[in-house]
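Chemist: Dropping in coords_3.cif, with mmCIF, C-alpha atoms and all ligand atoms.
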data_target
loop_
_atom_site.label_atom_id
_atom_site.label_comp_id
_atom_site.auth_asym_id
_atom_site.auth_seq_id
_atom_site.Cartn_x
_atom_site.Cartn_y
_atom_site.Cartn_z
CA MET A 719 72.66 180.92 -15.07
CA SER A 720 74.71 182.60 -12.41
CA LEU A 721 75.29 181.78 -8.78
CA LYS A 722 73.98 185.25 -7.96
CA ASP A 723 70.51 184.17 -9.08
CA LEU A 724 70.58 181.20 -6.75
CA LEU A 725 71.78 183.33 -3.83
CA ASP A 726 69.45 186.24 -4.55
CA ASN A 727 67.05 186.45 -1.61
CA ASN A 728 64.79 189.08 -3.11
CA THR A 729 63.33 187.28 -6.10
CA ASP A 730 59.98 186.18 -4.69
CA ASP A 731 59.14 187.26 -1.16
CA SER A 732 55.90 185.32 -0.85
CA LEU A 733 56.06 182.59 1.82
CA SER A 734 56.01 179.80 -0.77
CA GLY A 735 58.65 181.65 -2.83
CA GLN A 736 60.93 181.96 0.19
CA LYS A 737 60.49 178.29 1.13
CA TRP A 738 61.30 177.22 -2.42
CA ARG A 739 64.42 179.40 -2.53
CA ILE A 740 65.64 178.05 0.82
CA LEU A 741 65.07 174.46 -0.34
CA ARG A 742 67.09 175.02 -3.52
CA GLN A 743 69.89 176.68 -1.53
CA SER A 744 69.82 173.86 1.04
CA ILE A 745 70.27 171.25 -1.68
CA VAL A 746 73.27 173.12 -3.11
CA LYS A 747 74.71 173.64 0.38
CA ARG A 748 74.28 169.92 1.21
CA LEU A 749 75.94 168.80 -2.04
CA LEU A 750 78.80 171.23 -1.46
CA SER A 751 79.48 170.35 2.17
CA ALA A 752 78.82 166.59 2.27
CA GLY A 753 79.29 165.49 -1.35
CA ASN A 754 77.05 163.65 -3.80
CA ALA A 755 73.59 162.42 -2.85
CA THR A 756 70.52 160.62 -4.20
CA ILE A 757 67.05 162.15 -4.15
CA ALA A 758 66.05 159.75 -1.34
CA GLU A 759 69.02 160.89 0.77
CA LEU A 760 68.26 164.58 0.15
CA SER A 761 64.60 163.98 0.96
CA SER A 762 65.44 162.36 4.28
CA GLU A 763 68.18 164.82 5.29
CA LEU A 764 66.29 167.97 4.29
CA GLN A 765 62.93 166.62 5.50
CA SER A 766 61.15 167.31 2.28
CA SER A 767 59.06 164.93 0.16
CA VAL A 768 60.61 162.97 -2.72
CA PRO A 769 58.41 164.70 -5.37
CA THR A 770 59.40 168.15 -4.02
CA ILE A 771 63.13 167.30 -4.02
CA THR A 772 62.77 165.78 -7.51
CA LYS A 773 61.18 168.98 -8.80
CA ALA A 774 63.92 171.15 -7.22
CA ILE A 775 66.71 168.90 -8.54
CA ASN A 776 65.23 169.03 -12.05
CA GLU A 777 65.24 172.82 -11.88
CA LEU A 778 68.82 172.92 -10.60
CA LEU A 779 69.88 170.45 -13.33
CA LEU A 780 68.29 172.62 -16.00
CA GLU A 781 69.98 175.75 -14.63
CA GLY A 782 73.37 174.02 -14.45
CA TYR A 783 74.00 174.12 -10.68
CA VAL A 784 73.76 170.34 -10.36
CA VAL A 785 74.89 167.43 -12.53
CA ASP A 786 73.60 163.88 -12.79
CA MET A 787 76.50 161.50 -12.02
CA GLY A 788 74.62 158.40 -13.28
CA LYS A 789 72.96 155.51 -11.53
CA ILE A 790 74.52 154.02 -8.42
CA THR A 791 75.00 150.31 -7.83
CA ASN A 792 72.79 148.87 -5.12
CA SER A 793 71.60 145.48 -3.98
CA GLY A 794 68.51 145.35 -6.17
CA GLY A 795 65.43 147.20 -7.32
CA ARG A 796 65.51 150.46 -9.23
CA ARG A 797 68.91 152.06 -9.21
CA PRO A 798 68.70 155.73 -8.14
CA SER A 799 70.71 158.55 -9.72
CA LEU A 800 73.46 160.30 -7.85
CA TYR A 801 73.59 164.10 -7.99
CA SER A 802 76.60 166.33 -7.56
CA ILE A 803 77.26 170.05 -7.55
CA ASN A 804 78.34 171.17 -11.01
CA PRO A 805 82.02 172.11 -10.49
CA THR A 806 81.86 174.69 -13.26
CA CYS A 807 78.81 176.59 -11.94
CA ALA A 808 81.00 179.14 -10.15
CA PHE A 809 84.66 180.16 -9.91
CA PHE A 810 86.68 182.08 -7.32
CA LEU A 811 89.86 184.06 -7.89
CA GLY A 812 92.58 184.34 -5.24
CA VAL A 813 95.47 186.81 -5.51
CA GLU A 814 98.47 187.23 -3.25
CA VAL A 815 100.82 190.11 -3.76
CA SER A 816 104.16 190.66 -2.07
CA ARG A 817 106.89 193.27 -2.49
CA THR A 818 108.45 191.36 -5.37
CA SER A 819 105.86 189.00 -6.81
CA ILE A 820 102.25 188.20 -7.50
CA SER A 821 100.53 184.81 -7.25
CA ILE A 822 97.11 184.20 -8.80
CA GLY A 823 94.87 181.15 -8.72
CA LEU A 824 91.42 180.34 -10.06
CA GLN A 825 89.39 177.63 -8.33
CA ASN A 826 86.05 176.10 -9.20
CA ILE A 827 83.34 175.72 -6.59
CA LYS A 828 84.80 172.35 -5.56
CA ASN A 829 88.13 173.96 -4.60
CA GLU A 830 89.90 172.53 -7.64
CA PHE A 831 92.44 174.77 -9.38
CA ILE A 832 91.67 175.58 -13.01
CA SER A 833 94.81 177.66 -13.29
CA ILE A 834 97.52 178.89 -10.92
CA ASP A 835 100.60 181.09 -11.36
CA LEU A 836 102.92 181.32 -8.37
CA ARG A 837 105.32 184.15 -7.66
CA THR A 838 105.35 185.90 -11.02
CA SER A 839 107.79 188.78 -10.82
CA PHE A 840 106.04 192.07 -9.92
CA ALA A 841 107.47 195.13 -8.18
CA LEU A 842 104.83 196.39 -5.76
CA LYS A 843 105.10 200.16 -5.49
CA ASN A 844 102.77 202.76 -4.06
CA SER A 845 101.97 204.39 -7.38
CA GLN A 846 99.05 204.62 -9.78
CA GLU A 847 101.17 202.90 -12.49
CA SER A 848 101.93 199.97 -10.21
CA LEU A 849 98.23 199.62 -9.34
CA LEU A 850 97.23 199.60 -13.02
CA GLU A 851 99.96 197.07 -13.85
CA PHE A 852 98.71 194.93 -10.96
CA CYS A 853 95.14 195.00 -12.33
CA ASP A 854 96.41 194.28 -15.87
CA LEU A 855 98.23 191.18 -14.62
CA ILE A 856 95.01 189.90 -13.03
CA ASN A 857 92.96 190.66 -16.15
CA SER A 858 95.53 188.89 -18.36
CA PHE A 859 95.49 185.86 -16.07
CA ILE A 860 91.69 185.66 -16.40
CA GLU A 861 91.86 186.07 -20.19
CA ASP A 862 94.43 183.27 -20.43
CA SER A 863 92.30 180.91 -18.36
CA SER A 864 89.52 178.89 -19.96
CA VAL A 865 86.87 180.55 -17.77
CA GLU A 866 84.49 183.32 -18.83
CA LYS A 867 84.77 186.34 -16.54
CA GLU A 868 81.04 186.36 -15.75
CA MET A 869 81.42 182.91 -14.18
CA ILE A 870 83.85 184.32 -11.57
CA VAL A 871 81.82 185.14 -8.47
CA GLY A 872 84.45 187.23 -6.71
CA VAL A 873 88.10 188.02 -6.12
CA CYS A 874 90.03 188.09 -2.87
CA ILE A 875 93.34 189.96 -2.83
CA ASN A 876 95.84 189.48 -0.01
CA PHE A 877 98.14 192.30 0.99
CA SER A 878 100.58 192.37 3.85
CA GLY A 879 100.12 194.93 6.58
CA ARG A 880 97.08 196.74 7.84
CA ILE A 881 93.90 195.83 5.95
CA ASN A 882 90.39 196.84 6.88
CA SER A 883 88.48 194.07 5.10
CA MET A 884 85.08 195.38 6.09
CA GLU A 885 85.62 198.82 4.57
CA GLY A 886 87.98 197.70 1.79
CA PHE A 887 91.01 199.83 2.70
CA SER A 888 94.66 198.80 2.52
CA TYR A 889 96.83 201.09 4.63
CA ASN A 890 100.31 199.92 3.59
CA TYR A 891 99.82 199.68 -0.17
CA PHE A 892 97.73 201.68 -2.65
CA PHE A 893 96.10 203.70 0.12
CA SER A 894 93.57 206.27 -0.99
CA GLU A 895 91.84 208.38 1.61
CA ASN A 896 88.79 209.09 -0.53
CA ARG A 897 87.88 205.70 -1.90
CA PRO A 898 88.18 202.09 -0.72
CA LEU A 899 90.79 200.18 -2.71
CA THR A 900 88.23 197.42 -3.29
CA GLU A 901 86.11 199.89 -5.29
CA ILE A 902 89.06 201.05 -7.41
CA ILE A 903 90.26 197.52 -8.25
CA SER A 904 86.71 196.29 -8.77
CA GLU A 905 86.26 198.97 -11.43
CA GLN A 906 89.41 197.78 -13.23
CA LEU A 907 88.52 194.09 -13.04
CA ASN A 908 84.76 194.46 -13.39
CA LEU A 909 84.34 191.91 -10.59
CA PRO A 910 83.44 192.06 -6.88
CA VAL A 911 86.67 192.46 -4.88
CA HIS A 912 87.46 191.70 -1.26
CA LEU A 913 90.73 192.55 0.53
CA GLU A 914 92.32 190.37 3.17
CA ASN A 915 95.47 190.47 5.23
CA ASP A 916 97.90 187.91 3.74
CA THR A 917 98.59 186.03 6.98
CA ARG A 918 94.92 185.80 7.87
CA ALA A 919 94.13 184.36 4.43
CA MET A 920 96.96 181.82 4.77
CA ALA A 921 95.61 180.77 8.16
CA PHE A 922 92.14 180.27 6.69
CA GLY A 923 93.62 178.30 3.76
CA GLU A 924 95.29 175.89 6.19
CA TYR A 925 92.03 175.63 8.11
CA CYS A 926 89.91 174.82 5.04
CA GLU A 927 92.29 172.86 2.83
CA GLY A 928 95.58 172.39 4.63
CA VAL A 929 97.12 170.90 7.72
CA VAL A 930 94.21 171.47 10.13
CA ASP A 931 92.19 168.37 11.05
CA ASP A 932 89.41 169.08 13.51
CA GLU A 933 91.21 171.74 15.56
CA GLN A 934 89.14 174.89 16.10
CA ASN A 935 91.50 177.19 18.04
CA ILE A 936 94.57 177.81 15.97
CA ILE A 937 97.52 180.15 15.78
CA PHE A 938 99.09 180.30 12.33
CA LEU A 939 102.56 181.82 12.19
CA ASN A 940 103.60 183.49 8.94
CA TYR A 941 107.36 183.52 9.30
CA SER A 942 108.57 185.19 6.10
CA TRP A 943 110.01 188.60 5.09
CA GLY A 944 107.83 190.01 7.88
CA VAL A 945 106.25 188.16 10.78
CA ALA A 946 102.57 187.98 11.69
CA ILE A 947 100.03 185.55 13.06
CA GLY A 948 96.54 184.55 11.95
CA ILE A 949 94.12 183.57 14.70
CA ILE A 950 91.23 181.15 14.33
CA SER A 951 88.96 181.06 17.34
CA ASP A 952 86.14 178.49 17.55
CA GLY A 953 86.53 177.83 13.83
CA LYS A 954 86.24 181.49 12.81
CA LEU A 955 88.89 183.94 11.71
CA TYR A 956 89.54 186.48 14.42
CA TYR A 957 89.84 190.08 13.15
CA GLY A 958 89.77 192.30 16.22
CA LYS A 959 87.77 195.53 16.22
CA SER A 960 89.03 196.94 12.91
CA GLY A 961 90.81 193.98 11.37
CA TYR A 962 94.34 194.66 12.55
CA SER A 963 94.78 191.67 14.86
CA GLY A 964 97.83 189.44 14.49
CA GLU A 965 100.59 192.06 14.21
CA PHE A 966 102.93 189.92 16.30
CA GLY A 967 106.00 191.11 14.37
CA HIS A 968 105.52 194.68 15.55
CA SER A 969 105.62 193.90 19.26
CA THR A 970 108.42 196.07 20.60
CA ILE A 971 110.33 193.56 22.67
CA PHE A 972 114.00 194.26 21.92
CA ASP A 973 116.07 197.06 23.37
CA ASN A 974 118.23 197.23 20.26
CA GLU A 975 117.74 200.64 18.61
CA ILE A 976 117.10 198.94 15.25
CA MET A 977 114.45 200.75 13.21
CA CYS A 978 111.62 198.46 12.11
CA GLN A 979 109.75 198.72 8.79
CA CYS A 980 106.82 200.17 10.76
CA GLY A 981 108.97 203.03 12.07
CA LYS A 982 109.28 201.85 15.68
CA LEU A 983 112.44 200.70 17.37
CA GLY A 984 113.08 197.18 18.61
CA CYS A 985 110.08 195.32 17.11
CA LEU A 986 110.25 191.53 17.05
CA GLU A 987 110.91 191.73 13.30
CA THR A 988 114.13 193.67 13.88
CA GLU A 989 115.79 190.43 15.03
CA ILE A 990 113.41 187.71 13.85
CA SER A 991 112.21 187.99 10.23
CA GLY A 992 113.35 187.56 6.64
CA TRP A 993 114.52 191.16 6.34
CA SER A 994 116.49 191.05 9.58
CA LEU A 995 118.03 187.75 8.44
CA VAL A 996 119.37 189.54 5.36
CA ASN A 997 120.88 192.27 7.57
CA GLN A 998 122.38 189.71 9.95
CA PHE A 999 123.87 187.81 7.01
CA LYS A 1000 125.47 190.94 5.56
CA ALA A 1001 126.84 191.93 8.98
CA ALA A 1002 128.33 188.46 9.48
CA LEU A 1003 130.11 188.67 6.11
CA LYS A 1004 131.50 192.06 7.07
CA GLU A 1005 132.85 190.53 10.28
CA GLY A 1006 134.74 188.08 8.08
CA LYS A 1007 132.52 185.00 8.37
CA GLN A 1008 132.56 182.71 5.36
CA SER A 1009 129.59 181.60 3.27
CA LYS A 1010 128.99 179.73 0.04
CA ILE A 1011 126.68 182.59 -0.98
CA THR A 1012 128.77 185.31 -2.56
CA LEU A 1013 127.77 188.95 -2.57
CA ASN A 1014 128.86 191.99 -4.46
CA ASP A 1015 127.81 195.55 -3.68
CA ASN A 1016 124.88 195.41 -6.10
CA SER A 1017 123.52 192.07 -4.91
CA ASP A 1018 119.84 192.25 -4.15
CA LEU A 1019 120.05 189.59 -1.47
CA GLN A 1020 116.71 188.10 -0.42
CA HIS A 1021 116.01 186.06 2.68
CA LEU A 1022 114.96 183.25 0.32
CA ASP A 1023 118.58 183.06 -0.94
CA ILE A 1024 119.73 182.46 2.62
CA ILE A 1025 116.98 179.92 3.21
CA ALA A 1026 117.94 178.12 0.00
CA GLY A 1027 121.57 178.38 1.14
CA ALA A 1028 120.70 176.57 4.35
CA ILE A 1029 118.71 173.83 2.62
CA ASN A 1030 120.54 173.19 -0.63
CA LEU A 1031 124.11 174.16 0.16
CA GLU A 1032 124.15 173.24 3.86
CA ASP A 1033 125.99 176.51 4.32
CA SER A 1034 127.17 176.82 7.93
CA LEU A 1035 126.54 180.56 8.20
CA CYS A 1036 123.00 180.32 6.78
CA VAL A 1037 122.17 177.38 9.06
CA GLU A 1038 123.61 179.16 12.10
CA LEU A 1039 121.63 182.35 11.46
CA VAL A 1040 118.27 180.67 10.84
CA THR A 1041 118.75 178.36 13.82
CA LYS A 1042 119.48 181.32 16.10
CA GLN A 1043 116.44 183.22 14.82
CA SER A 1044 114.18 180.20 15.11
CA GLU A 1045 115.21 179.62 18.74
CA LYS A 1046 114.26 183.21 19.50
CA MET A 1047 111.02 182.79 17.58
CA GLY A 1048 110.12 179.80 19.77
CA ARG A 1049 110.80 181.82 22.89
CA TYR A 1050 108.43 184.65 21.89
CA LEU A 1051 105.82 182.31 20.47
CA SER A 1052 105.61 180.71 23.91
CA ILE A 1053 104.11 183.98 25.17
CA LEU A 1054 101.28 183.57 22.65
CA LEU A 1055 100.72 179.96 23.67
CA ASN A 1056 100.46 180.93 27.33
CA ILE A 1057 97.93 183.63 26.44
CA PHE A 1058 95.81 181.76 23.88
CA ASN A 1059 96.18 178.08 24.87
CA PRO A 1060 95.48 176.96 21.26
CA ASP A 1061 94.74 173.42 20.02
CA LEU A 1062 97.23 173.87 17.24
CA LEU A 1063 100.17 176.03 16.23
CA VAL A 1064 100.94 175.98 12.50
CA ILE A 1065 104.35 177.16 11.33
CA GLY A 1066 103.94 178.67 7.87
CA GLY A 1067 105.66 181.17 5.60
CA ASP A 1068 109.02 180.90 3.85
CA PHE A 1069 110.90 179.74 6.96
CA SER A 1070 108.64 176.69 7.23
CA GLN A 1071 110.27 175.48 3.99
CA LEU A 1072 113.46 174.99 6.00
CA GLY A 1073 112.09 171.89 7.71
CA ASP A 1074 114.04 170.84 10.78
CA TYR A 1075 116.46 173.79 10.62
CA ALA A 1076 113.61 176.06 11.71
CA LEU A 1077 111.12 173.67 13.27
CA LEU A 1078 113.38 171.89 15.76
CA PRO A 1079 114.75 175.08 17.38
CA ILE A 1080 111.19 176.49 17.57
CA GLN A 1081 109.90 173.28 19.09
CA SER A 1082 112.63 173.00 21.70
CA ALA A 1083 112.32 176.70 22.68
CA LEU A 1084 108.54 176.32 23.01
CA LYS A 1085 109.05 173.39 25.34
CA LYS A 1086 111.55 175.34 27.38
CA HIS A 1087 109.64 178.62 27.67
CA SER A 1088 105.89 177.86 27.60
CA LEU A 1089 103.93 176.48 30.52
CA GLY A 1090 104.08 172.67 30.56
CA LEU A 1091 100.31 172.24 30.75
CA VAL A 1092 99.73 174.60 27.80
CA ASN A 1093 102.43 172.95 25.68
CA ARG A 1094 101.15 169.44 26.47
CA ASP A 1095 97.69 170.42 25.19
CA MET A 1096 98.91 171.73 21.87
CA LYS A 1097 99.90 170.22 18.53
CA LEU A 1098 102.64 171.78 16.43
CA LYS A 1099 102.45 171.31 12.66
CA LYS A 1100 104.22 172.63 9.63
CA SER A 1101 102.12 174.24 6.90
CA THR A 1102 101.29 171.74 4.17
CA LEU A 1103 100.15 174.31 1.61
CA GLY A 1104 103.59 175.95 1.46
CA LEU A 1105 103.87 178.58 -1.26
CA ARG A 1106 100.25 178.05 -2.32
CA ALA A 1107 98.86 178.90 1.14
CA GLY A 1108 98.09 182.55 0.28
CA VAL A 1109 96.31 181.88 -3.00
CA ILE A 1110 94.35 178.93 -1.59
CA GLY A 1111 93.46 181.02 1.45
CA ALA A 1112 92.27 183.90 -0.74
CA CYS A 1113 90.04 181.51 -2.73
CA CYS A 1114 88.65 180.08 0.53
CA VAL A 1115 87.97 183.56 1.96
CA ILE A 1116 86.08 184.80 -1.11
CA LYS A 1117 84.17 181.54 -1.43
CA GLU A 1118 83.08 181.68 2.21
CA LYS A 1119 82.08 185.31 1.81
CA MET A 1120 80.12 184.92 -1.42
CA LEU A 1121 78.40 181.71 -0.33
CA SER A 1122 77.45 183.03 3.10
CA PRO A 1123 73.74 183.17 2.16
CA LEU A 1124 73.93 179.37 1.77
CA VAL A 1125 75.78 178.91 5.04
CA ASN A 1126 73.39 181.12 6.99
CA ASN A 1127 70.06 179.85 5.72
ZN ZN B 1 107.55 197.13 13.63
#
Would you put the structure from the file into structure tokens?
Modeler:
Amino acid sequence: MSLKDLLDNNTDDSLSGQKWRILRQSIVKRLLSAGNATIAELSSELQSSVPTITKAINELLLEGYVVDMGKITNSGGRRPSLYSINPTCAFFLGVEVSRTSISIGLQNIKNEFISIDLRTSFALKNSQESLLEFCDLINSFIEDSSVEKEMIVGVCINFSGRINSMEGFSYNYFFSENRPLTEIISEQLNLPVHLENDTRAMAFGEYCEGVVDDEQNIIFLNYSWGVAIGIISDGKLYYGKSGYSGEFGHSTIFDNEIMCQCGKLGCLETEISGWSLVNQFKAALKEGKQSKITLNDNSDLQHLDIIAGAINLEDSLCVELVTKQSEKMGRYLSILLNIFNPDLLVIGGDFSQLGDYALLPIQSALKKHSLGLVNRDMKLKKSTLGLRAGVIGACCVIKEKMLSPLVNN
């Protein structure tokens, strides 16, 4: 039994074969989206007779897609059985990789984590060795989990930077002109692989399992080492023509002569980002400002140290720097609000962990700089998934992709 068999649309192309396949898929889709159901409920909702639904359910039970949850309590008469999707009938692997770490999570079809490892140390380098080490880490994670590899339907890997999800190329890391990266990694993992931009996956994670209620037009801000946005329009991830939408951090808005990571001068990230925060912190120390965080020449200072300094140590310099940055962030975010008029703005990424130190300056700058009518229409929320947003988002992306035959029937 494999989910591929259930989703395979080419098994029997006779009219009755097609109808039967669609009915089985509709039952699974209904149990997945709206929870457990009795045969009578399925019969009424899917407009199919009770004997037909019973036959399909018996097949799905036998094949392991569905489980019998036992009889329900009702007011009298024969008590019907309640059926549920079998949580172990399919698994989805989400991977997020950053410059310094890798996070991996394995979810069952009901979005429950079987296993998750967050921010394991890993030095991402553009080399064949680094790519093989990356694949080894994923393979070891799968081996250590209690799940057989053949039960994993697919893997989604989030990278920062330019990703062409449709063609499977990553342009910032592990770029190969001749072959899509998805093909290369898929060969190493022996699993279907999908690539996604990290911010876009985080946005989708918040939409499916995080802070989003019923909002359908959302801007998700990933305020971390770099800065980017994920856009959800009418409930769908927005990619742009080739998948490069959301590169907010590389808008050249400052006249400052500071070289950005992308090679241009004066990008938003040169003054508002984790990496610029580190530079600002070092410059402030050189000017003689005091901090509880001590540095020597070999210190590999990360923006997370400064963020932790602001939260845990209430260090004046750290607080001052992140407050200044966040005010500026609010100012430039207001441009996006005026353009997109979203239902919801979600503040995510490492800076969202700062709570009020980042959120209040952003909020007050948004109020000051965006149009009143636009601001009044919009909710501002902090990410609830925090450090797990990327891995959850990757699981949601691959699940949506692999189950699309169910969604579209
Ligand atoms: Zn840039």
Chemist: With the cut-off set at 6 Å and counting only C-alpha atoms and all ligand atoms, tabulate each residue of chain A with an atom at most that distance from an atom of ligand ZN 1 (chain B), showing the nearest atom pair and its distance in Å to one decimal, ordered by chain and increasing number, as a tab-separated table.
Modeler:
residue	atom	partner	partner_atom	distance
A:His968	CA	B:ZN1	ZN	3.7
A:Cys978	CA	B:ZN1	ZN	4.5
A:Gln979	CA	B:ZN1	ZN	5.5
A:Cys980	CA	B:ZN1	ZN	4.2
A:Lys982	CA	B:ZN1	ZN	5.4
A:Cys985	CA	B:ZN1	ZN	4.7
Chemist: From (105.1, 184.9, -8.3), in the file's coordinates, out to 8 Å: which residues are reached, counting only C-alpha atoms? Answer as a ChimeraX atom specification.
Modeler: /A:818-821,835-840
Chemist: For the selection you just gave me, I'd like the residues written to a file as a CSV table (one decimal), in the frame of the given file, keeping C-alpha atoms.
Modeler:
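Result written to part_1.csv:
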chain,number,residue,atom,x,y,z
A,818,THR,CA,108.4,191.4,-5.4
A,819,SER,CA,105.9,189.0,-6.8
A,820,ILE,CA,102.2,188.2,-7.5
A,821,SER,CA,100.5,184.8,-7.2
A,835,ASP,CA,100.6,181.1,-11.4
A,836,LEU,CA,102.9,181.3,-8.4
A,837,ARG,CA,105.3,184.2,-7.7
A,838,THR,CA,105.4,185.9,-11.0
A,839,SER,CA,107.8,188.8,-10.8
A,840,PHE,CA,106.0,192.1,-9.9
Chemist: Kindly indicate which residue among A:Glu975, A:Leu824, A:Lys1004, A:Gln1043 lies nearest to Ile860 of chain A, using only C-alpha atoms for the distances.
Modeler: A:Leu824
Chemist: Using all atoms listed in the file, find the one residue out of A:Gln1020, A:Asn896, A:Ser942, A:Ser858 that sits nearest to Gln1071 of chain A.
Modeler: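 Ranking A:Gln1020, A:Asn896, A:Ser942, A:Ser858 by distance to Gln1071 of chain A, first place goes to A:Ser942.
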Chemist: With only C-alpha atoms as the basis for distance, which of A:Ile937, A:Met977, A:Val1115, A:Ala1002 is at the shortest distance from Leu913 of chain A?
Modeler: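 Using only C-alpha atoms, the shortest distance to Leu913 of chain A belongs to A:Val1115.
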Chemist: May I have the protein, DNA and RNA residues with an atom at most 9 Å from (95.1, 186.5, 10.9), counting all atoms listed in the file in the file's coordinates, returned as a PyMOL selection string?
Modeler: chain A and resi 915-922+937-939+946-950+955-957+961-965
Chemist: Can you write just those residues out, C-alpha atoms, as a compact mmCIF listing (two decimals), in the coordinates of the input?
Modeler:
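Contents of again19.txt, freshly written:
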# COMPACT_ATOMS: atom_id res chain seq x y z
CA ASN A 915 95.47 190.47 5.23
CA ASP A 916 97.90 187.91 3.74
CA THR A 917 98.59 186.03 6.98
CA ARG A 918 94.92 185.80 7.87
CA ALA A 919 94.13 184.36 4.43
CA MET A 920 96.96 181.82 4.77
CA ALA A 921 95.61 180.77 8.16
CA PHE A 922 92.14 180.27 6.69
CA ILE A 937 97.52 180.15 15.78
CA PHE A 938 99.09 180.30 12.33
CA LEU A 939 102.56 181.82 12.19
CA ALA A 946 102.57 187.98 11.69
CA ILE A 947 100.03 185.55 13.06
CA GLY A 948 96.54 184.55 11.95
CA ILE A 949 94.12 183.57 14.70
CA ILE A 950 91.23 181.15 14.33
CA LEU A 955 88.89 183.94 11.71
CA TYR A 956 89.54 186.48 14.42
CA TYR A 957 89.84 190.08 13.15
CA GLY A 961 90.81 193.98 11.37
CA TYR A 962 94.34 194.66 12.55
CA SER A 963 94.78 191.67 14.86
CA GLY A 964 97.83 189.44 14.49
CA GLU A 965 100.59 192.06 14.21
Chemist: Mind pulling up the distance from atom CA of Asn829 of chain A to atom CA of Val930 of chain A?
Modeler: 16.1 Å
